[in-house]
Every structure is written in C-alpha cells, then in structure tokens.
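**Student:** My structure file run-v1.json, JSON, C-alpha atoms, is below:
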```
[["chain", "number", "residue", "atom", "x", "y", "z"],
["P", 9, "MET", "CA", 0.00, 0.00, 0.00],
["P", 10, "LYS", "CA", 1.36, 3.42, -0.95],
["P", 11, "ASN", "CA", 0.69, 6.28, 1.42],
["P", 12, "ARG", "CA", 1.35, 10.00, 1.89],
["P", 13, "VAL", "CA", 2.11, 9.88, 5.62],
["P", 14, "ARG", "CA", 5.72, 11.03, 5.30],
["P", 15, "GLU", "CA", 4.79, 13.84, 2.93],
["P", 16, "LEU", "CA", 1.98, 15.09, 5.20],
["P", 17, "ARG", "CA", 4.06, 14.74, 8.35],
["P", 18, "GLU", "CA", 6.92, 16.74, 6.86],
["P", 19, "ALA", "CA", 4.48, 19.37, 5.60],
["P", 20, "HIS", "CA", 3.32, 19.80, 9.21],
["P", 21, "GLY", "CA", 6.93, 19.96, 10.41],
["P", 22, "TRP", "CA", 6.50, 17.01, 12.76],
["P", 23, "SER", "CA", 9.13, 14.42, 13.58],
["P", 24, "GLN", "CA", 8.27, 10.71, 13.50],
["P", 25, "GLY", "CA", 8.46, 10.69, 17.30],
["P", 26, "GLY", "CA", 6.12, 13.70, 17.52],
["P", 27, "LEU", "CA", 3.55, 12.09, 15.26],
["P", 28, "ALA", "CA", 3.89, 8.80, 17.16],
["P", 29, "GLU", "CA", 3.18, 10.61, 20.44],
["P", 30, "GLN", "CA", 0.04, 12.23, 19.02],
["P", 31, "LEU", "CA", -1.26, 8.88, 17.81],
["P", 32, "ASP", "CA", -0.11, 6.97, 20.92],
["P", 33, "VAL", "CA", 1.96, 4.52, 18.90],
["P", 34, "SER", "CA", 5.70, 3.84, 18.72],
["P", 35, "ARG", "CA", 8.04, 5.77, 16.41],
["P", 36, "GLN", "CA", 8.91, 2.44, 14.83],
["P", 37, "THR", "CA", 5.27, 2.00, 13.75],
["P", 38, "ILE", "CA", 5.24, 5.41, 12.03],
["P", 39, "ASN", "CA", 8.53, 4.55, 10.31],
["P", 40, "ALA", "CA", 7.16, 1.16, 9.18],
["P", 41, "ILE", "CA", 3.99, 2.80, 7.77],
["P", 42, "GLU", "CA", 5.95, 5.52, 5.95],
["P", 43, "THR", "CA", 8.34, 3.04, 4.36],
["P", 44, "GLY", "CA", 5.48, 0.74, 3.33],
["P", 45, "LYS", "CA", 6.71, -2.14, 5.51],
["P", 46, "TYR", "CA", 3.49, -2.14, 7.49],
["P", 47, "ASP", "CA", -0.09, -1.33, 6.52],
["P", 48, "PRO", "CA", -1.98, 0.21, 9.44],
["P", 49, "SER", "CA", -5.28, -1.15, 10.71],
["P", 50, "LEU", "CA", -8.45, 0.75, 9.78],
["P", 51, "PRO", "CA", -8.73, 2.48, 13.19],
["P", 52, "LEU", "CA", -5.13, 3.73, 12.95],
["P", 53, "ALA", "CA", -5.59, 4.77, 9.32],
["P", 54, "PHE", "CA", -8.68, 6.77, 10.34],
["P", 55, "LYS", "CA", -6.76, 8.36, 13.22],
["P", 56, "LEU", "CA", -4.05, 9.42, 10.76],
["P", 57, "ALA", "CA", -6.59, 10.79, 8.30],
["P", 58, "ARG", "CA", -8.38, 12.72, 11.04],
["P", 59, "LEU", "CA", -5.12, 14.16, 12.36],
["P", 60, "PHE", "CA", -4.05, 15.36, 8.91],
["P", 61, "LYS", "CA", -7.63, 16.44, 8.02],
["P", 62, "GLN", "CA", -7.58, 14.26, 4.91],
["P", 63, "ARG", "CA", -9.90, 11.69, 3.39],
["P", 64, "ILE", "CA", -8.58, 8.21, 4.02],
["P", 65, "GLU", "CA", -8.58, 7.32, 0.29],
["P", 66, "SER", "CA", -6.44, 10.37, -0.46],
["P", 67, "MET", "CA", -3.81, 9.15, 1.99],
["P", 68, "PHE", "CA", -3.67, 5.44, 1.20],
["P", 69, "GLU", "CA", -3.63, 3.83, -2.23],
["P", 70, "PRO", "CA", -3.32, 0.11, -2.98],
["P", 71, "ASP", "CA", -0.24, -0.96, -4.92],
["P", 72, "GLU", "CA", -0.85, -1.81, -8.58],
["P", 73, "GLY", "CA", -0.99, -5.56, -9.21],
["P", 74, "ARG", "CA", -1.47, -6.52, -5.57],
["N", 25, "MET", "CA", 16.32, 10.01, 31.74],
["N", 26, "ASP", "CA", 13.18, 10.62, 29.63],
["N", 27, "LYS", "CA", 15.23, 13.01, 27.48],
["N", 28, "MET", "CA", 17.77, 10.28, 26.64],
["N", 29, "THR", "CA", 16.48, 10.09, 23.04],
["N", 30, "GLU", "CA", 17.91, 13.59, 22.49],
["N", 31, "TRP", "CA", 21.43, 12.52, 23.50],
["N", 32, "PRO", "CA", 24.04, 11.86, 20.79],
["N", 33, "LYS", "CA", 23.97, 8.34, 19.37],
["N", 34, "TRP", "CA", 27.34, 7.33, 20.87],
["N", 35, "GLN", "CA", 26.21, 8.37, 24.35],
["N", 36, "ARG", "CA", 22.99, 6.35, 24.07],
["N", 37, "TRP", "CA", 24.89, 3.26, 22.90],
["N", 38, "SER", "CA", 27.52, 3.73, 25.67],
["N", 39, "ILE", "CA", 24.80, 3.89, 28.31],
["N", 40, "TRP", "CA", 23.13, 0.83, 26.77],
["N", 41, "LEU", "CA", 26.38, -1.16, 26.90],
["N", 42, "SER", "CA", 27.17, 0.05, 30.44],
["N", 43, "SER", "CA", 23.70, -0.95, 31.63],
["N", 44, "TRP", "CA", 24.27, -4.49, 30.31],
["N", 45, "VAL", "CA", 27.61, -4.60, 32.18],
["N", 46, "LEU", "CA", 25.88, -3.47, 35.40],
["N", 47, "TYR", "CA", 23.03, -5.92, 34.90],
["N", 48, "ILE", "CA", 25.16, -8.99, 34.14],
["N", 49, "GLY", "CA", 27.84, -8.01, 36.67],
["N", 50, "GLY", "CA", 25.25, -7.55, 39.42],
["N", 51, "PHE", "CA", 23.70, -10.89, 38.55],
["N", 52, "ILE", "CA", 27.03, -12.76, 38.68],
["N", 53, "VAL", "CA", 27.99, -11.17, 42.02],
["N", 54, "LEU", "CA", 24.54, -11.95, 43.42],
["N", 55, "LEU", "CA", 24.89, -15.61, 42.47],
["N", 56, "THR", "CA", 28.42, -15.99, 43.81],
["N", 57, "ALA", "CA", 28.49, -13.68, 46.88],
["N", 58, "HIS", "CA", 27.63, -14.93, 50.35],
["N", 59, "GLY", "CA", 27.69, -11.91, 52.66],
["N", 60, "ILE", "CA", 24.41, -10.03, 53.07],
["N", 61, "ALA", "CA", 26.09, -6.63, 52.43],
["N", 62, "LEU", "CA", 27.67, -7.75, 49.15],
["N", 63, "ARG", "CA", 24.43, -9.40, 48.04],
["N", 64, "GLY", "CA", 22.52, -6.22, 48.88],
["N", 65, "LEU", "CA", 24.99, -4.14, 46.89],
["N", 66, "ALA", "CA", 24.76, -6.57, 43.96],
["N", 67, "LEU", "CA", 20.96, -6.35, 44.07],
["N", 68, "VAL", "CA", 21.09, -2.53, 43.98],
["N", 69, "VAL", "CA", 23.53, -2.66, 41.02],
["N", 70, "LEU", "CA", 21.35, -5.25, 39.26],
["N", 71, "CYS", "CA", 18.20, -3.15, 39.71],
["N", 72, "GLY", "CA", 20.02, 0.03, 38.66],
["N", 73, "GLY", "CA", 21.27, -1.80, 35.57],
["N", 74, "LEU", "CA", 17.73, -2.98, 34.79],
["N", 75, "VAL", "CA", 16.24, 0.53, 35.03],
["N", 76, "LEU", "CA", 19.05, 1.98, 32.93],
["N", 77, "LEU", "CA", 18.74, -0.83, 30.39],
["N", 78, "THR", "CA", 15.01, -0.21, 29.97],
["N", 79, "HIS", "CA", 15.55, 3.51, 29.30],
["N", 80, "ALA", "CA", 18.65, 2.98, 27.12],
["N", 81, "SER", "CA", 17.02, 0.23, 25.02],
["N", 82, "LYS", "CA", 14.24, 2.65, 24.14],
["N", 83, "ALA", "CA", 16.67, 5.49, 23.52],
["N", 84, "VAL", "CA", 18.89, 3.55, 21.07],
["N", 85, "LEU", "CA", 15.76, 2.86, 19.02],
["N", 86, "ASN", "CA", 14.76, 6.55, 19.23],
["N", 87, "GLU", "CA", 11.65, 5.60, 21.17],
["N", 88, "ARG", "CA", 10.25, 7.51, 24.13],
["N", 89, "MET", "CA", 9.29, 5.84, 27.40],
["N", 90, "ARG", "CA", 5.49, 5.62, 27.31],
["N", 91, "ARG", "CA", 3.11, 5.40, 30.24],
["N", 92, "VAL", "CA", 2.89, 1.61, 29.82],
["N", 93, "ASP", "CA", 6.73, 1.34, 29.95],
["N", 94, "HIS", "CA", 6.85, 3.30, 33.23],
["N", 95, "TRP", "CA", 4.01, 1.18, 34.61],
["N", 96, "GLN", "CA", 5.80, -2.03, 33.67],
["N", 97, "MET", "CA", 9.01, -0.84, 35.34],
["N", 98, "ARG", "CA", 7.11, 0.09, 38.52],
["N", 99, "VAL", "CA", 5.56, -3.40, 38.67],
["N", 100, "LEU", "CA", 8.52, -5.49, 37.50],
["N", 101, "LEU", "CA", 11.26, -3.95, 39.64],
["N", 102, "PRO", "CA", 9.76, -4.70, 43.09],
["N", 103, "THR", "CA", 8.54, -8.08, 41.83],
["N", 104, "PHE", "CA", 12.06, -8.89, 40.65],
["N", 105, "VAL", "CA", 13.52, -7.89, 44.04],
["N", 106, "ILE", "CA", 10.92, -9.99, 45.89],
["N", 107, "TYR", "CA", 11.71, -12.99, 43.66],
["N", 108, "ILE", "CA", 15.47, -12.70, 44.27],
["N", 109, "LEU", "CA", 14.97, -12.32, 48.05],
["N", 110, "LEU", "CA", 12.62, -15.31, 48.11],
["N", 111, "MET", "CA", 15.07, -17.47, 46.15],
["N", 112, "LEU", "CA", 18.06, -16.40, 48.26],
["N", 113, "TYR", "CA", 16.61, -16.40, 51.75],
["N", 114, "VAL", "CA", 13.22, -18.18, 51.90],
["N", 115, "TRP", "CA", 13.42, -21.00, 49.37],
["N", 116, "PRO", "CA", 16.57, -22.63, 50.90],
["N", 117, "MET", "CA", 14.68, -22.95, 54.23],
["N", 118, "TYR", "CA", 12.50, -25.76, 52.86],
["N", 119, "SER", "CA", 14.93, -28.43, 54.09],
["N", 120, "HIS", "CA", 14.51, -27.26, 57.70],
["N", 121, "ILE", "CA", 10.70, -27.35, 57.62],
["N", 122, "GLN", "CA", 9.05, -30.51, 58.89],
["N", 123, "THR", "CA", 5.38, -29.74, 58.20],
["N", 124, "PRO", "CA", 4.61, -31.12, 54.69],
["N", 125, "TRP", "CA", 2.03, -28.44, 53.67],
["N", 126, "LEU", "CA", 4.29, -25.61, 54.89],
["N", 127, "ARG", "CA", 7.18, -27.10, 52.95],
["N", 128, "VAL", "CA", 5.03, -27.11, 49.78],
["N", 129, "VAL", "CA", 4.08, -23.46, 50.41],
["N", 130, "VAL", "CA", 7.72, -22.39, 50.88],
["N", 131, "VAL", "CA", 8.90, -24.32, 47.82],
["N", 132, "LEU", "CA", 6.16, -22.85, 45.62],
["N", 133, "LEU", "CA", 6.45, -19.29, 46.99],
["N", 134, "PRO", "CA", 8.65, -18.02, 44.06],
["N", 135, "LEU", "CA", 5.69, -18.79, 41.78],
["N", 136, "LEU", "CA", 3.88, -15.73, 43.14],
["N", 137, "PRO", "CA", 6.29, -13.08, 41.76],
["N", 138, "LEU", "CA", 6.65, -15.10, 38.55],
["N", 139, "THR", "CA", 2.86, -15.05, 38.10],
["N", 140, "VAL", "CA", 2.95, -11.25, 38.54],
["N", 141, "VAL", "CA", 5.69, -11.06, 35.88],
["N", 142, "VAL", "CA", 3.62, -13.11, 33.41],
["N", 143, "TRP", "CA", 0.53, -10.96, 34.13],
["N", 144, "ALA", "CA", 2.57, -7.75, 33.74],
["N", 145, "MET", "CA", 4.00, -8.96, 30.42],
["N", 146, "ALA", "CA", 0.51, -9.87, 29.15],
["N", 147, "ARG", "CA", -0.81, -6.45, 30.20],
["N", 148, "TYR", "CA", 2.17, -4.74, 28.61],
["N", 149, "ILE", "CA", 1.61, -6.50, 25.28],
["N", 150, "THR", "CA", -2.10, -5.63, 25.24],
["N", 151, "HIS", "CA", -1.17, -1.96, 25.79],
["N", 152, "CYS", "CA", 1.39, -1.92, 22.95],
["N", 153, "ASP", "CA", 0.43, -0.61, 19.54],
["N", 154, "GLU", "CA", -0.67, -2.91, 16.71],
["N", 155, "LEU", "CA", 2.74, -3.38, 15.05],
["N", 156, "GLU", "CA", 4.40, -4.10, 18.39],
["N", 157, "ARG", "CA", 1.70, -6.66, 19.26],
["N", 158, "ARG", "CA", 2.39, -8.43, 15.97],
["N", 159, "GLN", "CA", 6.13, -8.41, 16.76],
["N", 160, "HIS", "CA", 5.50, -9.84, 20.25],
["N", 161, "LEU", "CA", 3.29, -12.55, 18.77],
["N", 162, "GLU", "CA", 6.01, -13.44, 16.26],
["N", 163, "ALA", "CA", 8.64, -13.52, 19.05],
["N", 164, "ILE", "CA", 6.44, -15.71, 21.28],
["N", 165, "GLY", "CA", 5.90, -18.07, 18.32],
["N", 166, "ILE", "CA", 9.65, -18.29, 17.67],
["N", 167, "ALA", "CA", 10.37, -18.87, 21.38],
["N", 168, "ALA", "CA", 7.71, -21.59, 21.65],
["N", 169, "ALA", "CA", 9.04, -23.34, 18.53],
["N", 170, "VAL", "CA", 12.72, -23.18, 19.57],
["N", 171, "VAL", "CA", 12.15, -24.29, 23.17],
["N", 172, "SER", "CA", 9.71, -27.06, 22.15],
["N", 173, "LEU", "CA", 12.11, -28.44, 19.53],
["N", 174, "ALA", "CA", 15.09, -28.21, 21.90],
["N", 175, "SER", "CA", 13.25, -29.96, 24.74],
["N", 176, "PHE", "CA", 11.94, -32.62, 22.33],
["N", 177, "ALA", "CA", 15.48, -33.22, 21.03],
["N", 178, "LEU", "CA", 16.80, -33.45, 24.62],
["N", 179, "GLY", "CA", 13.93, -35.80, 25.47],
["N", 180, "LEU", "CA", 14.80, -38.09, 22.55],
["N", 181, "LEU", "CA", 18.49, -38.12, 23.53],
["N", 182, "ALA", "CA", 17.67, -38.75, 27.18],
["N", 183, "ALA", "CA", 15.12, -41.51, 26.41],
["N", 184, "THR", "CA", 17.74, -43.45, 24.45],
["N", 185, "ARG", "CA", 20.31, -42.77, 27.24],
["N", 186, "LEU", "CA", 22.66, -41.07, 24.81],
["N", 187, "ILE", "CA", 22.87, -38.21, 27.31],
["N", 188, "ALA", "CA", 21.86, -37.93, 30.95],
["N", 189, "VAL", "CA", 19.34, -35.15, 31.65],
["N", 190, "ASN", "CA", 18.28, -34.15, 35.14],
["N", 191, "GLY", "CA", 14.48, -34.06, 34.90],
["N", 192, "ALA", "CA", 13.99, -31.42, 37.62],
["N", 193, "LEU", "CA", 16.61, -29.15, 36.08],
["N", 194, "GLY", "CA", 15.07, -29.61, 32.64],
["N", 195, "LEU", "CA", 11.65, -28.56, 33.94],
["N", 196, "LEU", "CA", 13.11, -25.63, 35.88],
["N", 197, "LEU", "CA", 14.98, -24.30, 32.86],
["N", 198, "THR", "CA", 11.96, -24.35, 30.51],
["N", 199, "PHE", "CA", 10.56, -21.00, 31.69],
["N", 200, "PRO", "CA", 13.90, -19.10, 31.72],
["N", 201, "ALA", "CA", 14.73, -20.60, 28.30],
["N", 202, "LEU", "CA", 11.37, -19.42, 26.96],
["N", 203, "CYS", "CA", 11.99, -15.92, 28.37],
["N", 204, "ILE", "CA", 15.54, -15.69, 26.98],
["N", 205, "VAL", "CA", 14.61, -16.92, 23.47],
["N", 206, "TYR", "CA", 11.55, -14.63, 23.51],
["N", 207, "GLY", "CA", 13.75, -11.64, 24.43],
["N", 208, "LEU", "CA", 16.27, -12.45, 21.70],
["N", 209, "ALA", "CA", 13.51, -13.07, 19.14],
["N", 210, "CYS", "CA", 11.87, -9.77, 20.10],
["N", 211, "ALA", "CA", 15.15, -7.91, 19.55],
["N", 212, "TRP", "CA", 15.69, -9.70, 16.22],
["N", 213, "VAL", "CA", 12.15, -8.99, 14.97],
["N", 214, "LYS", "CA", 12.51, -5.29, 15.84],
["N", 215, "TRP", "CA", 15.96, -5.14, 14.29],
["N", 216, "ARG", "CA", 14.76, -6.85, 11.08],
["N", 217, "ASN", "CA", 11.90, -4.39, 10.84],
["N", 218, "ARG", "CA", 14.33, -1.51, 11.29],
["N", 219, "ALA", "CA", 16.95, -2.84, 8.86],
["N", 220, "GLN", "CA", 14.66, -3.75, 5.93]]
```
With the file now loaded, output its structure as structure tokens.
**Tutor:**
Amino acid sequence: MKNRVRELREAHGWSQGGLAEQLDVSRQTINAIETGKYDPSLPLAFKLARLFKQRIESMFEPDEGR
Amino acid sequence: MDKMTEWPKWQRWSIWLSSWVLYIGGFIVLLTAHGIALRGLALVVLCGGLVLLTHASKAVLNERMRRVDHWQMRVLLPTFVIYILLMLYVWPMYSHIQTPWLRVVVVLLPLLPLTVVVWAMARYITHCDELERRQHLEAIGIAAAVVSLASFALGLLAATRLIAVNGALGLLLTFPALCIVYGLACAWVKWRNRAQ
C-alpha cells in the first residue's frame, strides 16, 4: 500500500516521534507505515486521516498488481 | 532520563552497553556472593542496571518511554527484588521445615512473583500498539518453537540414554529458556523491521 504519511508529516513539520506521540503509537510504527513495511489497521488509518484532516482514500492507495 | 532520546547516538549506545555490564555483573555477584552486604549491593547494582537498560534500550531505538513502559518498570522492579529475596533467603529454608504443607508453600512461593511477571507482560503486550503486538506474537511463536524443539530433542536423547538429563533441572529451565529466546527473538524482529 502506498501512502502520503511522510509527505503530510513533513508538511506539518513534525518528527516521527512527535507524530507517534500524538497517535499513541511507537516511532517504529510510524517509520514502518511511511516506508510501506506495514499497513496500518483501519482504526489507525482513520486516526491518521483525522489528524491530517484528509480523506482516508487520499492518503492510502493500494499498490498496482497486488 | 526521559530526554535520553535527544542525546548523541554514541552516548545512548555507551549507556546501553554500560547498563548491560551493570546488569550482568550484578547478577554474577549476586549468584556468587555470600555476605548479606555484598548481596545487597549486587541487588542494587542489578536493579540500577535494569532501570538503565530499559531507558537505554528505548533510547537507542529513538523511542520515548510511554506510560505503559513506566508502569511495567514500577511493577517489574519490586517483583524482581521480591523474587530474588525469596530465592536467596526463603526457598533454601525448605529443608529445615518438617510440616509437609508448609514445605510445599515455601517451595512454591517463588511462583507468586513469577505469576505477577507473566501478568505484567501480558498487560504490557495488550497496551502496545498494533505493530508491536504483531512483533511480540512473532517472538512468542519463535520462542515456543525453539524451546519445544530443543526440549523434544533433549527428550529423545535422554530416552535413548545417549545423554543424561536431570528431569527437575530440565523442567526448571523451561521458563527461563522461553523468556531468553523470547527476548532475543523480540530484539531480532525489531531489528529486522528496522533494517529492511
């Protein structure tokens, strides 16, 4: 799954640790989502979308051919 | 110590290594010392090493100490001290006790702090985030597989009398072996996730 988490986080000027603190997750989880190693659950994806004031489908996009 | 993540990398790694030295050193002294003062000192060093190790392990991964980490430390540290004191000073008394039921109670007393440890670990995992829970599950799976296969292999060797295995020792070592392999697997799973 491709996502715009890194782009949006950097646009807000937040560090991975800062974003992790706001979402009550570990920094490692934010890093894994940003690098595409881990796809978040729906509740976490909604939390991210709400925090960045985005629609969930504008933040996450399935990979082609998967 | 909560600001340790802001320290330079070399300082965080130095503290991490030093905390391991304190932890293992304290443990060795505690096992080998006989005087109460030296044992007390070793216990203080061991506990100090454990607290430092918890903070430093988070800091080397650039993670902050969360509320659940502080809670776990507050529960595990006294439980750990109680377990060590029970094993050093109460458990050896079983041979002097004549009453059978009291002997059973004294012998099984270390189970109480261990039960608290298992409960604290279960609570800790349920309070972790979703990726961490998956990593813990993977680590528990690896630990269960490794320890089961190792004990089965030892069982086969012992059954055919190719090696002599002390049954009591084998049973006693199952839990520590599970904990050690789980800890190593946890570190490996986190490292793999970081290195990919």
**Student:** I need the chain N residues near chain P as an mmCIF file with C-alpha atoms, in the coordinates of the input; criterion: at most 8 Å, counting all atoms listed in the file.
**Tutor:**
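What ended up in part_1.cif:
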```cif
data_model
loop_
_atom_site.group_PDB
_atom_site.id
_atom_site.type_symbol
_atom_site.label_atom_id
_atom_site.label_comp_id
_atom_site.auth_asym_id
_atom_site.auth_seq_id
_atom_site.Cartn_x
_atom_site.Cartn_y
_atom_site.Cartn_z
ATOM 1 C CA ASN N 86 14.760 6.550 19.230
ATOM 2 C CA GLU N 87 11.650 5.600 21.170
ATOM 3 C CA ARG N 88 10.250 7.510 24.130
ATOM 4 C CA CYS N 152 1.390 -1.920 22.950
ATOM 5 C CA ASP N 153 0.430 -0.610 19.540
ATOM 6 C CA GLU N 154 -0.670 -2.910 16.710
ATOM 7 C CA LEU N 155 2.740 -3.380 15.050
ATOM 8 C CA GLU N 156 4.400 -4.100 18.390
ATOM 9 C CA ASN N 217 11.900 -4.390 10.840
ATOM 10 C CA ARG N 218 14.330 -1.510 11.290
#
```
**Student:** Give me, please, the distance in Å between atom CA of N:Leu138 and atom CA of N:Leu100, quoted to one decimal.
**Tutor:**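 About the pair atom CA of N:Leu138 and atom CA of N:Leu100: they are 9.8 Å apart.
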**Student:** To one decimal in Å, tell me the separation between atom CA of N:Thr198 and atom CA of N:Gln159.
**Tutor:**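 Computing the Euclidean distance for atom CA of N:Thr198 and atom CA of N:Gln159 yields 21.8 Å.
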**Student:** Which residues come within 10 Å of P:Lys10, counting only C-alpha atoms, excluding same-chain residues fewer than 5 positions away, as a PyMOL selection string?
**Tutor:** chain P and resi 41-44+47+67-72
**Student:** Using atom CA of N:Ala144 and atom CA of N:Gln96 as the two end points, give the distance in Å to one decimal.
**Tutor:**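 Separation of atom CA of N:Ala144 and atom CA of N:Gln96: 6.6 Å.
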**Student:** Tell me which of N:Arg90, N:Leu208, N:Leu85, N:His151 sits closest to P:Gln30, counting all atoms listed in the file.
**Tutor:**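 Answer, going by the shortest atom-to-atom distance: N:Arg90.
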**Student:** For stretch 25-55 of chain P, supply N, CA and C atoms and format the output as a tab-separated table (two decimals), keeping the file's coordinate frame.
**Tutor:**
```
chain	number	residue	atom	x	y	z
P	25	GLY	N	8.76	10.86	15.87
P	25	GLY	CA	8.46	10.69	17.30
P	25	GLY	C	7.28	11.55	17.72
P	26	GLY	N	7.22	12.78	17.19
P	26	GLY	CA	6.12	13.70	17.52
P	26	GLY	C	4.79	13.16	17.03
P	27	LEU	N	4.79	12.65	15.81
P	27	LEU	CA	3.55	12.09	15.26
P	27	LEU	C	3.14	10.84	16.06
P	28	ALA	N	4.16	10.02	16.38
P	28	ALA	CA	3.89	8.80	17.16
P	28	ALA	C	3.24	9.15	18.49
P	29	GLU	N	3.72	10.20	19.13
P	29	GLU	CA	3.18	10.61	20.44
P	29	GLU	C	1.72	11.04	20.30
P	30	GLN	N	1.42	11.76	19.21
P	30	GLN	CA	0.04	12.23	19.02
P	30	GLN	C	-0.92	11.08	18.76
P	31	LEU	N	-0.40	10.01	18.14
P	31	LEU	CA	-1.26	8.88	17.81
P	31	LEU	C	-1.18	7.77	18.86
P	32	ASP	N	-0.33	7.97	19.87
P	32	ASP	CA	-0.11	6.97	20.92
P	32	ASP	C	0.37	5.63	20.35
P	33	VAL	N	1.31	5.72	19.43
P	33	VAL	CA	1.96	4.52	18.90
P	33	VAL	C	3.48	4.73	19.00
P	34	SER	N	4.25	3.70	18.64
P	34	SER	CA	5.70	3.84	18.72
P	34	SER	C	6.23	4.54	17.46
P	35	ARG	N	7.41	5.12	17.57
P	35	ARG	CA	8.04	5.77	16.41
P	35	ARG	C	8.30	4.74	15.31
P	36	GLN	N	8.64	3.53	15.76
P	36	GLN	CA	8.91	2.44	14.83
P	36	GLN	C	7.69	2.15	13.94
P	37	THR	N	6.50	2.26	14.52
P	37	THR	CA	5.27	2.00	13.75
P	37	THR	C	5.10	3.07	12.66
P	38	ILE	N	5.35	4.33	13.03
P	38	ILE	CA	5.24	5.41	12.03
P	38	ILE	C	6.26	5.17	10.91
P	39	ASN	N	7.48	4.81	11.30
P	39	ASN	CA	8.53	4.55	10.31
P	39	ASN	C	8.12	3.39	9.39
P	40	ALA	N	7.56	2.33	9.97
P	40	ALA	CA	7.16	1.16	9.18
P	40	ALA	C	6.02	1.52	8.22
P	41	ILE	N	5.10	2.39	8.66
P	41	ILE	CA	3.99	2.80	7.77
P	41	ILE	C	4.54	3.65	6.63
P	42	GLU	N	5.41	4.61	6.98
P	42	GLU	CA	5.95	5.52	5.95
P	42	GLU	C	6.76	4.78	4.89
P	43	THR	N	7.49	3.76	5.32
P	43	THR	CA	8.34	3.04	4.36
P	43	THR	C	7.59	1.89	3.68
P	44	GLY	N	6.31	1.75	4.00
P	44	GLY	CA	5.48	0.74	3.33
P	44	GLY	C	5.72	-0.68	3.83
P	45	LYS	N	6.45	-0.80	4.98
P	45	LYS	CA	6.71	-2.14	5.51
P	45	LYS	C	5.48	-2.66	6.26
P	46	TYR	N	4.64	-1.74	6.69
P	46	TYR	CA	3.49	-2.14	7.49
P	46	TYR	C	2.27	-1.32	7.08
P	47	ASP	N	1.16	-2.02	6.83
P	47	ASP	CA	-0.09	-1.33	6.52
P	47	ASP	C	-0.89	-1.19	7.82
P	48	PRO	N	-1.27	0.03	8.17
P	48	PRO	CA	-1.98	0.21	9.44
P	48	PRO	C	-3.37	-0.39	9.42
P	49	SER	N	-3.90	-0.66	10.61
P	49	SER	CA	-5.28	-1.15	10.71
P	49	SER	C	-6.22	0.00	10.34
P	50	LEU	N	-7.49	-0.31	10.12
P	50	LEU	CA	-8.45	0.75	9.78
P	50	LEU	C	-8.55	1.82	10.87
P	51	PRO	N	-8.66	1.42	12.16
P	51	PRO	CA	-8.73	2.48	13.19
P	51	PRO	C	-7.53	3.42	13.16
P	52	LEU	N	-6.32	2.86	12.97
P	52	LEU	CA	-5.13	3.73	12.95
P	52	LEU	C	-5.11	4.58	11.69
P	53	ALA	N	-5.53	4.01	10.57
P	53	ALA	CA	-5.59	4.77	9.32
P	53	ALA	C	-6.58	5.94	9.46
P	54	PHE	N	-7.71	5.69	10.13
P	54	PHE	CA	-8.68	6.77	10.34
P	54	PHE	C	-8.12	7.84	11.28
P	55	LYS	N	-7.37	7.40	12.29
P	55	LYS	CA	-6.76	8.36	13.22
P	55	LYS	C	-5.80	9.27	12.46
```
